[in-house]
>>> print(open('final34.cif').read())   # mmCIF, C-alpha atoms and all ligand atoms
data_target
loop_
_atom_site.group_PDB
_atom_site.id
_atom_site.type_symbol
_atom_site.label_atom_id
_atom_site.label_comp_id
_atom_site.auth_asym_id
_atom_site.auth_seq_id
_atom_site.Cartn_x
_atom_site.Cartn_y
_atom_site.Cartn_z
ATOM 1 C CA MET A 1 12.679 -14.935 49.554
ATOM 2 C CA SER A 2 10.717 -15.928 52.602
ATOM 3 C CA ALA A 3 7.526 -17.893 52.130
ATOM 4 C CA ASP A 4 5.573 -15.098 53.791
ATOM 5 C CA ARG A 5 6.937 -12.510 51.403
ATOM 6 C CA GLU A 6 6.244 -14.732 48.403
ATOM 7 C CA THR A 7 2.645 -15.191 49.501
ATOM 8 C CA ALA A 8 2.278 -11.446 50.083
ATOM 9 C CA LEU A 9 3.689 -10.679 46.612
ATOM 10 C CA ALA A 10 1.347 -13.182 44.939
ATOM 11 C CA ALA A 11 -1.580 -11.509 46.710
ATOM 12 C CA LEU A 12 -0.310 -8.097 45.569
ATOM 13 C CA TYR A 13 -0.094 -9.234 41.924
ATOM 14 C CA SER A 14 -3.565 -10.658 42.123
ATOM 15 C CA ASP A 15 -4.843 -7.324 43.473
ATOM 16 C CA PHE A 16 -3.122 -5.554 40.549
ATOM 17 C CA ALA A 17 -4.967 -7.808 38.114
ATOM 18 C CA ALA A 18 -8.314 -7.155 39.797
ATOM 19 C CA LEU A 19 -7.781 -3.428 39.109
ATOM 20 C CA ASN A 20 -6.627 -4.015 35.497
ATOM 21 C CA MET A 21 -3.120 -2.996 36.436
ATOM 22 C CA GLU A 22 0.287 -4.590 36.213
ATOM 23 C CA GLY A 23 3.623 -3.859 37.884
ATOM 24 C CA GLY A 24 6.215 -2.730 35.325
ATOM 25 C CA TRP A 25 8.755 -5.129 36.905
ATOM 26 C CA HIS A 26 6.306 -8.029 36.720
ATOM 27 C CA ARG A 27 5.156 -7.637 33.105
ATOM 28 C CA ARG A 28 5.140 -10.874 31.140
ATOM 29 C CA PHE A 29 6.016 -9.077 27.875
ATOM 30 C CA PRO A 30 8.577 -6.288 27.527
ATOM 31 C CA ALA A 31 7.229 -2.852 26.573
ATOM 32 C CA LEU A 32 10.522 -1.508 25.239
ATOM 33 C CA TRP A 33 13.216 -3.070 23.088
ATOM 34 C CA ALA A 34 16.481 -2.027 21.506
ATOM 35 C CA GLU A 35 15.416 -1.721 17.862
ATOM 36 C CA PRO A 36 12.370 -2.430 15.684
ATOM 37 C CA ARG A 37 11.094 -5.974 15.775
ATOM 38 C CA ARG A 38 10.521 -7.588 12.446
ATOM 39 C CA ASN A 39 6.939 -8.703 12.980
ATOM 40 C CA PHE A 40 5.296 -8.572 9.553
ATOM 41 C CA LEU A 41 6.761 -10.868 6.912
ATOM 42 C CA PRO A 42 8.205 -10.151 3.488
ATOM 43 C CA HIS A 43 5.854 -11.668 0.919
ATOM 44 C CA VAL A 44 5.155 -11.573 -2.820
ATOM 45 C CA TRP A 45 1.748 -11.937 -4.491
ATOM 46 C CA HIS A 46 2.047 -12.848 -8.163
ATOM 47 C CA TYR A 47 -0.369 -11.155 -10.546
ATOM 48 C CA ALA A 48 -0.327 -14.277 -12.764
ATOM 49 C CA ASP A 49 -1.920 -16.202 -9.849
ATOM 50 C CA VAL A 50 -4.346 -13.406 -8.966
ATOM 51 C CA LYS A 51 -5.743 -12.536 -12.406
ATOM 52 C CA PRO A 52 -7.618 -15.824 -13.043
ATOM 53 C CA ILE A 53 -9.085 -15.621 -9.519
ATOM 54 C CA LEU A 54 -10.276 -12.052 -10.155
ATOM 55 C CA GLU A 55 -11.901 -13.230 -13.379
ATOM 56 C CA ARG A 56 -13.720 -16.027 -11.564
ATOM 57 C CA ALA A 57 -14.900 -13.518 -8.956
ATOM 58 C CA GLY A 58 -16.077 -11.327 -11.853
ATOM 59 C CA GLU A 59 -18.346 -14.134 -13.061
ATOM 60 C CA LEU A 60 -19.812 -14.893 -9.649
ATOM 61 C CA VAL A 61 -20.007 -11.535 -7.874
ATOM 62 C CA ASP A 62 -21.520 -8.402 -9.403
ATOM 63 C CA THR A 63 -20.969 -4.791 -8.403
ATOM 64 C CA GLN A 64 -24.406 -4.630 -6.776
ATOM 65 C CA GLN A 65 -23.384 -7.404 -4.398
ATOM 66 C CA ALA A 66 -19.909 -6.016 -3.755
ATOM 67 C CA GLU A 67 -19.359 -2.318 -3.129
ATOM 68 C CA ARG A 68 -15.857 -3.018 -4.458
ATOM 69 C CA ARG A 69 -14.935 -6.344 -6.068
ATOM 70 C CA ASN A 70 -11.425 -6.415 -4.728
ATOM 71 C CA LEU A 71 -9.073 -9.024 -3.330
ATOM 72 C CA THR A 72 -7.057 -7.777 -0.377
ATOM 73 C CA MET A 73 -3.614 -9.176 0.292
ATOM 74 C CA PHE A 74 -3.134 -10.083 3.929
ATOM 75 C CA ASN A 75 0.338 -10.544 5.297
ATOM 76 C CA PRO A 76 0.965 -14.163 6.321
ATOM 77 C CA VAL A 77 2.145 -13.162 9.814
ATOM 78 C CA GLU A 78 0.262 -15.162 12.447
ATOM 79 C CA GLY A 79 -2.999 -13.642 13.649
ATOM 80 C CA ASN A 80 -3.347 -11.170 10.761
ATOM 81 C CA ILE A 81 -6.248 -11.441 8.349
ATOM 82 C CA TYR A 82 -6.251 -8.003 6.740
ATOM 83 C CA SER A 83 -3.164 -5.775 6.618
ATOM 84 C CA THR A 84 -0.544 -6.161 3.892
ATOM 85 C CA VAL A 85 2.017 -4.412 6.078
ATOM 86 C CA ARG A 86 1.382 -2.874 9.509
ATOM 87 C CA THR A 87 -0.189 0.393 8.297
ATOM 88 C CA ILE A 88 -1.287 -0.232 4.703
ATOM 89 C CA VAL A 89 -3.518 -2.689 2.898
ATOM 90 C CA ALA A 90 -3.221 -3.469 -0.805
ATOM 91 C CA ALA A 91 -5.795 -5.132 -3.055
ATOM 92 C CA TYR A 92 -6.350 -6.119 -6.659
ATOM 93 C CA GLN A 93 -9.550 -5.005 -8.318
ATOM 94 C CA MET A 94 -11.190 -5.682 -11.681
ATOM 95 C CA ILE A 95 -14.101 -3.920 -13.297
ATOM 96 C CA LYS A 96 -15.889 -5.257 -16.361
ATOM 97 C CA PRO A 97 -17.269 -3.270 -19.314
ATOM 98 C CA GLY A 98 -20.553 -1.602 -18.363
ATOM 99 C CA GLU A 99 -19.938 -1.900 -14.634
ATOM 100 C CA THR A 100 -19.907 0.891 -12.077
ATOM 101 C CA ALA A 101 -18.514 0.818 -8.562
ATOM 102 C CA ARG A 102 -20.782 3.099 -6.530
ATOM 103 C CA ALA A 103 -19.575 6.362 -5.019
ATOM 104 C CA HIS A 104 -18.590 6.553 -1.381
ATOM 105 C CA ARG A 105 -16.151 8.373 0.845
ATOM 106 C CA HIS A 106 -14.148 7.432 3.887
ATOM 107 C CA THR A 107 -11.481 8.803 6.161
ATOM 108 C CA PRO A 108 -8.849 6.295 4.984
ATOM 109 C CA ASN A 109 -6.640 7.724 2.233
ATOM 110 C CA ALA A 110 -6.486 5.639 -0.914
ATOM 111 C CA LEU A 111 -4.768 5.414 -4.247
ATOM 112 C CA ARG A 112 -4.760 3.118 -7.210
ATOM 113 C CA LEU A 113 -2.210 1.937 -9.718
ATOM 114 C CA ILE A 114 -3.732 0.965 -13.054
ATOM 115 C CA LEU A 115 -2.367 -2.287 -14.477
ATOM 116 C CA GLU A 116 -4.382 -3.125 -17.589
ATOM 117 C CA GLY A 117 -7.377 -1.980 -19.598
ATOM 118 C CA HIS A 118 -8.705 1.187 -21.204
ATOM 119 C CA GLY A 119 -12.063 2.914 -21.076
ATOM 120 C CA THR A 120 -12.471 3.139 -17.311
ATOM 121 C CA SER A 121 -12.581 6.335 -15.348
ATOM 122 C CA THR A 122 -12.909 7.336 -11.742
ATOM 123 C CA VAL A 123 -14.809 10.333 -10.420
ATOM 124 C CA VAL A 124 -13.085 12.031 -7.481
ATOM 125 C CA ASP A 125 -15.038 14.856 -5.833
ATOM 126 C CA GLY A 126 -16.864 15.595 -9.081
ATOM 127 C CA LYS A 127 -13.779 15.440 -11.281
ATOM 128 C CA GLN A 128 -13.605 12.699 -13.877
ATOM 129 C CA VAL A 129 -10.182 11.106 -14.200
ATOM 130 C CA GLU A 130 -9.434 8.614 -16.938
ATOM 131 C CA MET A 131 -7.646 5.465 -15.738
ATOM 132 C CA ARG A 132 -4.826 4.327 -18.000
ATOM 133 C CA PRO A 133 -2.126 1.692 -17.426
ATOM 134 C CA GLY A 134 0.794 2.977 -15.353
ATOM 135 C CA ASP A 135 -1.212 5.855 -13.867
ATOM 136 C CA VAL A 136 -1.405 6.470 -10.115
ATOM 137 C CA LEU A 137 -4.666 8.102 -9.011
ATOM 138 C CA LEU A 138 -5.406 9.431 -5.544
ATOM 139 C CA THR A 139 -8.574 9.561 -3.476
ATOM 140 C CA PRO A 140 -7.594 11.493 -0.331
ATOM 141 C CA ASN A 141 -9.315 11.355 3.056
ATOM 142 C CA TRP A 142 -13.078 12.058 2.686
ATOM 143 C CA ALA A 143 -13.044 12.555 -1.118
ATOM 144 C CA TRP A 144 -16.027 11.026 -2.941
ATOM 145 C CA HIS A 145 -14.982 8.389 -5.454
ATOM 146 C CA SER A 146 -16.612 5.970 -7.865
ATOM 147 C CA HIS A 147 -15.403 4.010 -10.900
ATOM 148 C CA SER A 148 -17.102 3.272 -14.220
ATOM 149 C CA ASN A 149 -16.039 1.138 -17.119
ATOM 150 C CA ASP A 150 -17.517 2.633 -20.306
ATOM 151 C CA GLY A 151 -15.023 0.858 -22.557
ATOM 152 C CA ALA A 152 -14.843 -2.628 -24.068
ATOM 153 C CA GLU A 153 -11.992 -4.060 -21.953
ATOM 154 C CA GLN A 154 -11.786 -5.395 -18.432
ATOM 155 C CA CYS A 155 -9.785 -3.007 -16.297
ATOM 156 C CA TYR A 156 -7.394 -4.240 -13.615
ATOM 157 C CA TRP A 157 -5.799 -2.123 -10.965
ATOM 158 C CA MET A 158 -4.325 -2.192 -7.489
ATOM 159 C CA ASP A 159 -5.693 -0.281 -4.508
ATOM 160 C CA PHE A 160 -3.656 0.879 -1.528
ATOM 161 C CA LEU A 161 -5.265 2.289 1.611
ATOM 162 C CA ASP A 162 -4.107 3.332 5.063
ATOM 163 C CA VAL A 163 -7.040 1.472 6.646
ATOM 164 C CA PRO A 164 -4.855 -0.507 9.113
ATOM 165 C CA LEU A 165 -3.516 2.801 10.478
ATOM 166 C CA VAL A 166 -7.063 4.147 10.754
ATOM 167 C CA HIS A 167 -8.047 0.952 12.595
ATOM 168 C CA LEU A 168 -5.178 1.513 15.018
ATOM 169 C CA LEU A 169 -5.984 5.181 15.713
ATOM 170 C CA GLU A 170 -9.789 4.695 15.388
ATOM 171 C CA PRO A 171 -10.907 7.751 13.338
ATOM 172 C CA MET A 172 -12.982 5.676 10.901
ATOM 173 C CA PHE A 173 -15.866 7.352 9.082
ATOM 174 C CA TYR A 174 -17.566 6.010 5.962
ATOM 175 C CA GLU A 175 -20.506 7.205 3.910
ATOM 176 C CA PRO A 176 -22.191 5.984 0.723
ATOM 177 C CA HIS A 177 -23.069 8.727 -1.798
ATOM 178 C CA PRO A 178 -26.768 9.664 -1.601
ATOM 179 C CA ASP A 179 -27.101 9.454 -5.405
ATOM 180 C CA GLY A 180 -25.314 6.129 -5.787
ATOM 181 C CA VAL A 181 -22.964 7.459 -8.446
ATOM 182 C CA GLU A 182 -21.573 10.970 -8.363
ATOM 183 C CA GLN A 183 -21.981 13.048 -11.515
ATOM 184 C CA ALA A 184 -18.732 14.428 -12.901
ATOM 185 C CA VAL A 185 -18.748 18.176 -13.398
ATOM 186 C CA GLU A 186 -15.310 18.511 -14.971
ATOM 187 C CA LEU A 187 -12.450 16.479 -16.404
ATOM 188 C CA LEU A 188 -9.093 16.289 -14.682
ATOM 189 C CA ASP A 189 -5.941 14.907 -16.175
ATOM 190 C CA GLN A 190 -3.011 15.762 -13.960
ATOM 191 C CA ALA A 191 -1.421 16.132 -10.537
ATOM 192 C CA PRO A 192 -2.168 16.467 -7.719
ATOM 193 C CA ILE A 193 -4.846 13.770 -8.102
ATOM 194 C CA ALA A 194 -3.528 11.940 -11.170
ATOM 195 C CA PHE A 195 0.096 10.996 -11.804
ATOM 196 C CA ARG A 196 0.285 9.967 -15.433
ATOM 197 C CA TRP A 197 2.581 7.240 -16.700
ATOM 198 C CA GLU A 198 4.001 9.490 -19.427
ATOM 199 C CA ASP A 199 4.828 12.143 -16.804
ATOM 200 C CA THR A 200 6.585 9.512 -14.679
ATOM 201 C CA LEU A 201 8.694 8.491 -17.692
ATOM 202 C CA ALA A 202 9.515 12.139 -18.409
ATOM 203 C CA GLN A 203 10.564 12.645 -14.780
ATOM 204 C CA PHE A 204 12.887 9.638 -15.013
ATOM 205 C CA GLU A 205 14.482 11.119 -18.142
ATOM 206 C CA ALA A 206 14.975 14.455 -16.389
ATOM 207 C CA GLU A 207 16.441 12.765 -13.317
ATOM 208 C CA GLN A 208 18.844 10.693 -15.393
ATOM 209 C CA ALA A 209 19.961 13.852 -17.257
ATOM 210 C CA ARG A 210 20.485 15.609 -13.920
ATOM 211 C CA LEU A 211 22.601 12.741 -12.570
ATOM 212 C CA GLY A 212 24.374 12.239 -15.898
ATOM 213 C CA ALA A 213 24.483 8.460 -15.474
ATOM 214 C CA ASP A 214 22.340 5.388 -16.088
ATOM 215 C CA VAL A 215 21.842 4.325 -12.462
ATOM 216 C CA PRO A 216 18.782 3.176 -10.442
ATOM 217 C CA LEU A 217 16.473 6.185 -10.019
ATOM 218 C CA THR A 218 13.884 7.154 -7.414
ATOM 219 C CA ILE A 219 11.400 9.957 -7.946
ATOM 220 C CA GLU A 220 8.609 11.153 -5.700
ATOM 221 C CA LEU A 221 5.045 11.379 -6.996
ATOM 222 C CA GLY A 222 4.296 14.781 -5.572
ATOM 223 C CA PRO A 223 3.556 17.230 -4.230
ATOM 224 C CA ALA A 224 2.252 14.770 -1.639
ATOM 225 C CA GLN A 225 -1.533 14.915 -1.293
ATOM 226 C CA LEU A 226 -2.028 12.062 1.155
ATOM 227 C CA ASP A 227 -1.051 12.794 4.762
ATOM 228 C CA THR A 228 -0.241 9.196 5.601
ATOM 229 C CA ILE A 229 1.169 7.661 2.428
ATOM 230 C CA ALA A 230 4.359 8.519 0.539
ATOM 231 C CA LEU A 231 4.601 7.568 -3.136
ATOM 232 C CA HIS A 232 7.786 6.943 -5.058
ATOM 233 C CA MET A 233 8.575 5.427 -8.438
ATOM 234 C CA LEU A 234 11.804 3.450 -8.848
ATOM 235 C CA ARG A 235 13.412 2.808 -12.194
ATOM 236 C CA ILE A 236 15.921 -0.036 -12.255
ATOM 237 C CA ASN A 237 17.246 -0.937 -15.672
ATOM 238 C CA ALA A 238 18.213 -4.497 -16.648
ATOM 239 C CA GLY A 239 21.295 -5.642 -14.754
ATOM 240 C CA GLN A 240 21.089 -2.881 -12.118
ATOM 241 C CA THR A 241 20.538 -3.377 -8.393
ATOM 242 C CA SER A 242 19.083 -0.717 -6.094
ATOM 243 C CA ALA A 243 21.151 0.382 -3.094
ATOM 244 C CA PRO A 244 20.447 -1.893 -0.091
ATOM 245 C CA ALA A 245 18.107 -0.173 2.361
ATOM 246 C CA GLN A 246 16.753 -0.745 5.848
ATOM 247 C CA THR A 247 14.195 1.690 7.227
ATOM 248 C CA THR A 248 11.526 2.033 9.889
ATOM 249 C CA ALA A 249 9.003 2.767 7.108
ATOM 250 C CA ASN A 250 6.645 -0.013 6.038
ATOM 251 C CA ALA A 251 6.488 -0.367 2.284
ATOM 252 C CA ILE A 252 4.597 -2.161 -0.440
ATOM 253 C CA PHE A 253 6.133 -2.316 -3.915
ATOM 254 C CA ALA A 254 4.095 -2.902 -7.064
ATOM 255 C CA VAL A 255 5.703 -3.885 -10.349
ATOM 256 C CA VAL A 256 4.641 -1.468 -13.089
ATOM 257 C CA ARG A 257 6.920 -3.013 -15.685
ATOM 258 C CA GLY A 258 9.852 -5.426 -16.025
ATOM 259 C CA SER A 259 11.033 -8.338 -13.928
ATOM 260 C CA GLY A 260 13.748 -9.305 -11.505
ATOM 261 C CA PHE A 261 14.146 -10.332 -7.911
ATOM 262 C CA ALA A 262 14.142 -8.721 -4.509
ATOM 263 C CA GLU A 263 16.584 -9.665 -1.811
ATOM 264 C CA ILE A 264 14.849 -9.199 1.550
ATOM 265 C CA ASP A 265 16.697 -10.167 4.725
ATOM 266 C CA GLY A 266 18.874 -12.463 2.640
ATOM 267 C CA ALA A 267 16.016 -14.326 0.906
ATOM 268 C CA ARG A 268 15.366 -13.992 -2.814
ATOM 269 C CA HIS A 269 11.877 -13.284 -4.187
ATOM 270 C CA ALA A 270 11.216 -13.232 -7.945
ATOM 271 C CA TRP A 271 8.813 -10.632 -9.329
ATOM 272 C CA SER A 272 7.365 -9.579 -12.656
ATOM 273 C CA PHE A 273 4.615 -7.322 -14.044
ATOM 274 C CA GLY A 274 1.713 -6.667 -11.672
ATOM 275 C CA ASP A 275 3.260 -8.404 -8.656
ATOM 276 C CA THR A 276 3.019 -6.983 -5.132
ATOM 277 C CA ILE A 277 5.945 -7.169 -2.727
ATOM 278 C CA ALA A 278 5.478 -6.509 0.994
ATOM 279 C CA VAL A 279 8.618 -5.086 2.607
ATOM 280 C CA PRO A 280 7.730 -4.464 6.263
ATOM 281 C CA ALA A 281 9.674 -2.145 8.553
ATOM 282 C CA TRP A 282 13.314 -2.797 9.302
ATOM 283 C CA ARG A 283 13.723 -5.509 6.667
ATOM 284 C CA ALA A 284 16.968 -5.058 4.740
ATOM 285 C CA HIS A 285 16.129 -5.052 1.054
ATOM 286 C CA SER A 286 17.337 -4.368 -2.467
ATOM 287 C CA PHE A 287 15.882 -4.892 -5.930
ATOM 288 C CA HIS A 288 17.654 -6.367 -8.934
ATOM 289 C CA ALA A 289 16.174 -5.997 -12.425
ATOM 290 C CA GLU A 290 16.519 -8.681 -15.073
ATOM 291 C CA GLN A 291 14.425 -6.658 -17.548
ATOM 292 C CA ASP A 292 14.110 -2.854 -17.432
ATOM 293 C CA ALA A 293 11.827 -2.304 -14.457
ATOM 294 C CA VAL A 294 9.676 0.349 -12.819
ATOM 295 C CA LEU A 295 8.239 -0.199 -9.345
ATOM 296 C CA LEU A 296 5.796 1.900 -7.360
ATOM 297 C CA ARG A 297 6.720 2.208 -3.688
ATOM 298 C CA VAL A 298 3.798 2.925 -1.348
ATOM 299 C CA SER A 299 4.959 3.580 2.204
ATOM 300 C CA ASP A 300 4.155 5.160 5.561
ATOM 301 C CA GLU A 301 7.426 7.106 5.428
ATOM 302 C CA SER A 302 5.575 10.435 5.663
ATOM 303 C CA VAL A 303 3.914 9.419 8.952
ATOM 304 C CA LEU A 304 7.186 8.269 10.489
ATOM 305 C CA ARG A 305 8.954 11.430 9.336
ATOM 306 C CA LYS A 306 6.294 13.698 10.857
ATOM 307 C CA LEU A 307 6.526 11.838 14.155
ATOM 308 C CA GLY A 308 10.318 11.828 14.282
ATOM 309 C CA TRP A 309 10.523 8.038 13.891
ATOM 310 C CA LEU A 310 11.915 7.729 10.399
ATOM 311 C CA ARG A 311 15.295 6.078 10.709
ATOM 312 C CA SER A 312 17.314 4.140 8.210
ATOM 313 C CA ARG A 313 20.656 2.499 7.993
ATOM 314 C CA ARG A 314 22.713 0.866 5.314
ATOM 315 C CA PRO A 315 22.405 -2.874 5.974
HETATM 316 FE FE FE A 401 -13.225 3.645 -1.408
#
>>> encode(input="final34.cif", output="structure tokens")
Amino acid sequence: MSADRETALAALYSDFAALNMEGGWHRRFPALWAEPRRNFLPHVWHYADVKPILERAGELVDTQQAERRNLTMFNPVEGNIYSTVRTIVAAYQMIKPGETARAHRHTPNALRLILEGHGTSTVVDGKQVEMRPGDVLLTPNWAWHSHSNDGAEQCYWMDFLDVPLVHLLEPMFYEPHPDGVEQAVELLDQAPIAFRWEDTLAQFEAEQARLGADVPLTIELGPAQLDTIALHMLRINAGQTSAPAQTTANAIFAVVRGSGFAEIDGARHAWSFGDTIAVPAWRAHSFHAEQDAVLLRVSDESVLRKLGWLRSRRP
């Protein structure tokens, strides 16, 4: 290239920059690539490590000070301080006897998985829902929700929200309830807001009878009420391994019972009750149970399906 042309090109690029523009051929980072990049990292948070920390937070921080006394799990990928996987954040939360978490509503969709404790209930749009271990309870986009512990035990649960997706697309709205705590007008004990542990077990039994074999099972918690989050329960009995999977969906798994290990992109990660396992998009993964296990899978599969971007392959 002649020196004149080189000088002219440099001047052109500098004029692009002055207009906040860039030549597609001159871009420093590619905009397209052949298949999904594996940006977010597989990671496991162990409930045994988290629980004592939650208890210490319970002594130091009250529910007046914290709208929600929760501990979010941020993926260790560089530069990230919030999301557990690209589109979903997960957190552990504990509420002590006599405590109330005030009512609010927000555009992010949320759900919780109850780990331990009895006597706590949540009020969702005026409906009181008891929180019992193994239950999955939903608070869809813009539904009022508060939590109260009227029992004698500390209650531990996990929250999952699509907040990172809302951050990306920007439609964030949030509002505290004018009365602080919403009064419940009726009791609710079933789908579509509450998926009870005993119903999950019954669904597994029905699915096993349908298949006629003791194999790893996946059931959907449905009909789906959250537009952005798909919910599945996996049952993997001791000695079984789930079929290896690789998908464009981002997923977070929570261990409802049992123990074992996950194999994610060839690395082994041990898990047991209450643990959280981040399996970001396009990471080949399978689960092996050492004790009879049930895992909740929280994913953005429904979003990808609606947009025509849900793809999977057998790794
Ligand atoms: Fe909330």
>>> resolve_selection(input="final34.cif", expression="the PyMOL selection byres (((chain A and resi 265) around 10) and not hetatm)", output="list in words")
Pro42, Gln246, Ala262, Glu263, Ile264, Gly266, Ala267, Arg268, Val279, Trp282, Arg283, Ala284, His285, Ser286 and Pro315 of chain A
>>> write_last_selection(input="final34.cif", atoms="C-alpha atoms", output="PDB file, in the coordinates of the input")
ATOM      1  CA  PRO A  42       8.205 -10.151   3.488  1.00  0.00           C
ATOM      2  CA  GLN A 246      16.753  -0.745   5.848  1.00  0.00           C
ATOM      3  CA  ALA A 262      14.142  -8.721  -4.509  1.00  0.00           C
ATOM      4  CA  GLU A 263      16.584  -9.665  -1.811  1.00  0.00           C
ATOM      5  CA  ILE A 264      14.849  -9.199   1.550  1.00  0.00           C
ATOM      6  CA  GLY A 266      18.874 -12.463   2.640  1.00  0.00           C
ATOM      7  CA  ALA A 267      16.016 -14.326   0.906  1.00  0.00           C
ATOM      8  CA  ARG A 268      15.366 -13.992  -2.814  1.00  0.00           C
ATOM      9  CA  VAL A 279       8.618  -5.086   2.607  1.00  0.00           C
ATOM     10  CA  TRP A 282      13.314  -2.797   9.302  1.00  0.00           C
ATOM     11  CA  ARG A 283      13.723  -5.509   6.667  1.00  0.00           C
ATOM     12  CA  ALA A 284      16.968  -5.058   4.740  1.00  0.00           C
ATOM     13  CA  HIS A 285      16.129  -5.052   1.054  1.00  0.00           C
ATOM     14  CA  SER A 286      17.337  -4.368  -2.467  1.00  0.00           C
ATOM     15  CA  PRO A 315      22.405  -2.874   5.974  1.00  0.00           C
TER      16      PRO A 315
END
>>> residues_around(input="final34.cif", residues="stretch 292-305 of chain A", least_positions_apart="5", cutoff="6 Å", atoms="all atoms listed in the file", output="list in words")
Thr228, Ile229, Ala230, Leu231, His232, Met233, Leu234, Arg235, Ile236, Asn237, Ala238, Ala249, Asn250, Ala251, Ile252, Phe253, Ala254, Val255, Val256, Arg257, Gly258 and Leu310 of chain A
>>> residues_around(input="final34.cif", residues="A:Ala143", least_positions_apart="3", cutoff="9 Å", atoms="all atoms listed in the file", output="ChimeraX atom specification")
/A:104-107,109,124-125,139-140
>>> residues_near_ligand(input="final34.cif", ligand="ligand FE 401 (chain A)", cutoff="10 Å", atoms="only C-alpha atoms and all ligand atoms", output="tab-separated table (two decimals) with C-alpha atoms, keeping the file's coordinate frame")
chain	number	residue	atom	x	y	z
A	67	GLU	CA	-19.36	-2.32	-3.13
A	68	ARG	CA	-15.86	-3.02	-4.46
A	101	ALA	CA	-18.51	0.82	-8.56
A	102	ARG	CA	-20.78	3.10	-6.53
A	103	ALA	CA	-19.58	6.36	-5.02
A	104	HIS	CA	-18.59	6.55	-1.38
A	105	ARG	CA	-16.15	8.37	0.84
A	106	HIS	CA	-14.15	7.43	3.89
A	107	THR	CA	-11.48	8.80	6.16
A	108	PRO	CA	-8.85	6.30	4.98
A	109	ASN	CA	-6.64	7.72	2.23
A	110	ALA	CA	-6.49	5.64	-0.91
A	111	LEU	CA	-4.77	5.41	-4.25
A	139	THR	CA	-8.57	9.56	-3.48
A	140	PRO	CA	-7.59	11.49	-0.33
A	141	ASN	CA	-9.32	11.36	3.06
A	142	TRP	CA	-13.08	12.06	2.69
A	143	ALA	CA	-13.04	12.56	-1.12
A	144	TRP	CA	-16.03	11.03	-2.94
A	145	HIS	CA	-14.98	8.39	-5.45
A	146	SER	CA	-16.61	5.97	-7.86
A	147	HIS	CA	-15.40	4.01	-10.90
A	159	ASP	CA	-5.69	-0.28	-4.51
A	160	PHE	CA	-3.66	0.88	-1.53
A	161	LEU	CA	-5.26	2.29	1.61
A	174	TYR	CA	-17.57	6.01	5.96
A	175	GLU	CA	-20.51	7.20	3.91
A	176	PRO	CA	-22.19	5.98	0.72
>>> residues_near_point(input="final34.cif", point="(2.6, -10.9, 9.7)", cutoff="12 Å", atoms="only C-alpha atoms", output="number ranges by chain")
A: 37-43, 73-87, 278-281
>>> atom_distance(input="final34.cif", atom1="atom CA of A:Thr247", atom2="atom CA of A:Pro36")
9.6 Å
>>> atom_distance(input="final34.cif", atom1="atom CA of A:Ser242", atom2="atom CA of A:Ala213")
14.2 Å
>>> closest_residue(input="final34.cif", among="A:Leu71, A:Ala243, A:Ala206, A:Ile193", to="A:Met158", atoms="all atoms listed in the file")
A:Leu71
>>> resolve_selection(input="final34.cif", expression="the PyMOL selection byres (((chain A and resi 222) around 12) and not hetatm)", output="ChimeraX atom specification")
/A:136-138,190-196,199-200,203,219-221,223-227,229-233
>>> residues_around(input="final34.cif", residues="A:Ala48", least_positions_apart="4", cutoff="10 Å", atoms="only C-alpha atoms", output="list in words")
Pro52, Ile53, Ser272, Phe273, Gly274 and Asp275 of chain A
>>> residues_around(input="final34.cif", residues="A:Glu186", least_positions_apart="5", cutoff="7 Å", atoms="only C-alpha atoms", output="list in words")
Gly126, Lys127 and Gln128 of chain A
>>> resolve_selection(input="final34.cif", expression="the PyMOL selection byres (((chain A and resi 156) around 6) and not hetatm)", output="number ranges by chain")
A: 93-94, 115-116, 155, 157
>>> atom_distance(input="final34.cif", atom1="atom CA of A:Gly239", atom2="atom CA of A:His269")
16.1 Å
>>> closest_residue(input="final34.cif", among="A:His177, A:Arg132, A:Arg56, A:Arg112", to="A:Glu198", atoms="all atoms listed in the file")
A:Arg132
>>> closest_residue(input="final34.cif", among="A:Leu113, A:Val123, A:Leu165, A:Ala57", to="A:Ile95", atoms="all atoms listed in the file")
A:Ala57
>>> axis_aligned_box(input="final34.cif", around="stretch 97-107 of chain A", padding_each_side="4 Å", output="JSON")
{"center_x": -16.1, "center_y": 2.8, "center_z": -6.6, "size_x": 17.3, "size_y": 20.1, "size_z": 33.5}
>>> closest_residue(input="final34.cif", among="A:Ile88, A:Ala66, A:Val181, A:Ile114", to="A:Met131", atoms="only C-alpha atoms")
A:Ile114
>>> decode(input="final34.cif", residues="stretch 152-157 of chain A", atoms="N, CA and C atoms", output="compact mmCIF listing (two decimals), in the first residue's frame")
# COMPACT_ATOMS: atom_id res chain seq x y z
N ALA A 152 -41.58 -21.12 64.11
CA ALA A 152 -40.53 -21.10 65.13
C ALA A 152 -39.16 -21.46 64.53
N GLU A 153 -39.13 -21.72 63.21
CA GLU A 153 -37.86 -22.14 62.58
C GLU A 153 -37.38 -21.10 61.59
N GLN A 154 -36.06 -21.05 61.43
CA GLN A 154 -35.51 -20.21 60.35
C GLN A 154 -35.87 -20.89 59.03
N CYS A 155 -36.19 -20.08 58.05
CA CYS A 155 -36.56 -20.64 56.75
C CYS A 155 -35.52 -20.23 55.71
N TYR A 156 -35.07 -21.20 54.96
CA TYR A 156 -34.02 -20.98 53.94
C TYR A 156 -34.60 -21.31 52.58
N TRP A 157 -34.33 -20.44 51.63
CA TRP A 157 -34.77 -20.77 50.28
C TRP A 157 -33.81 -20.18 49.26
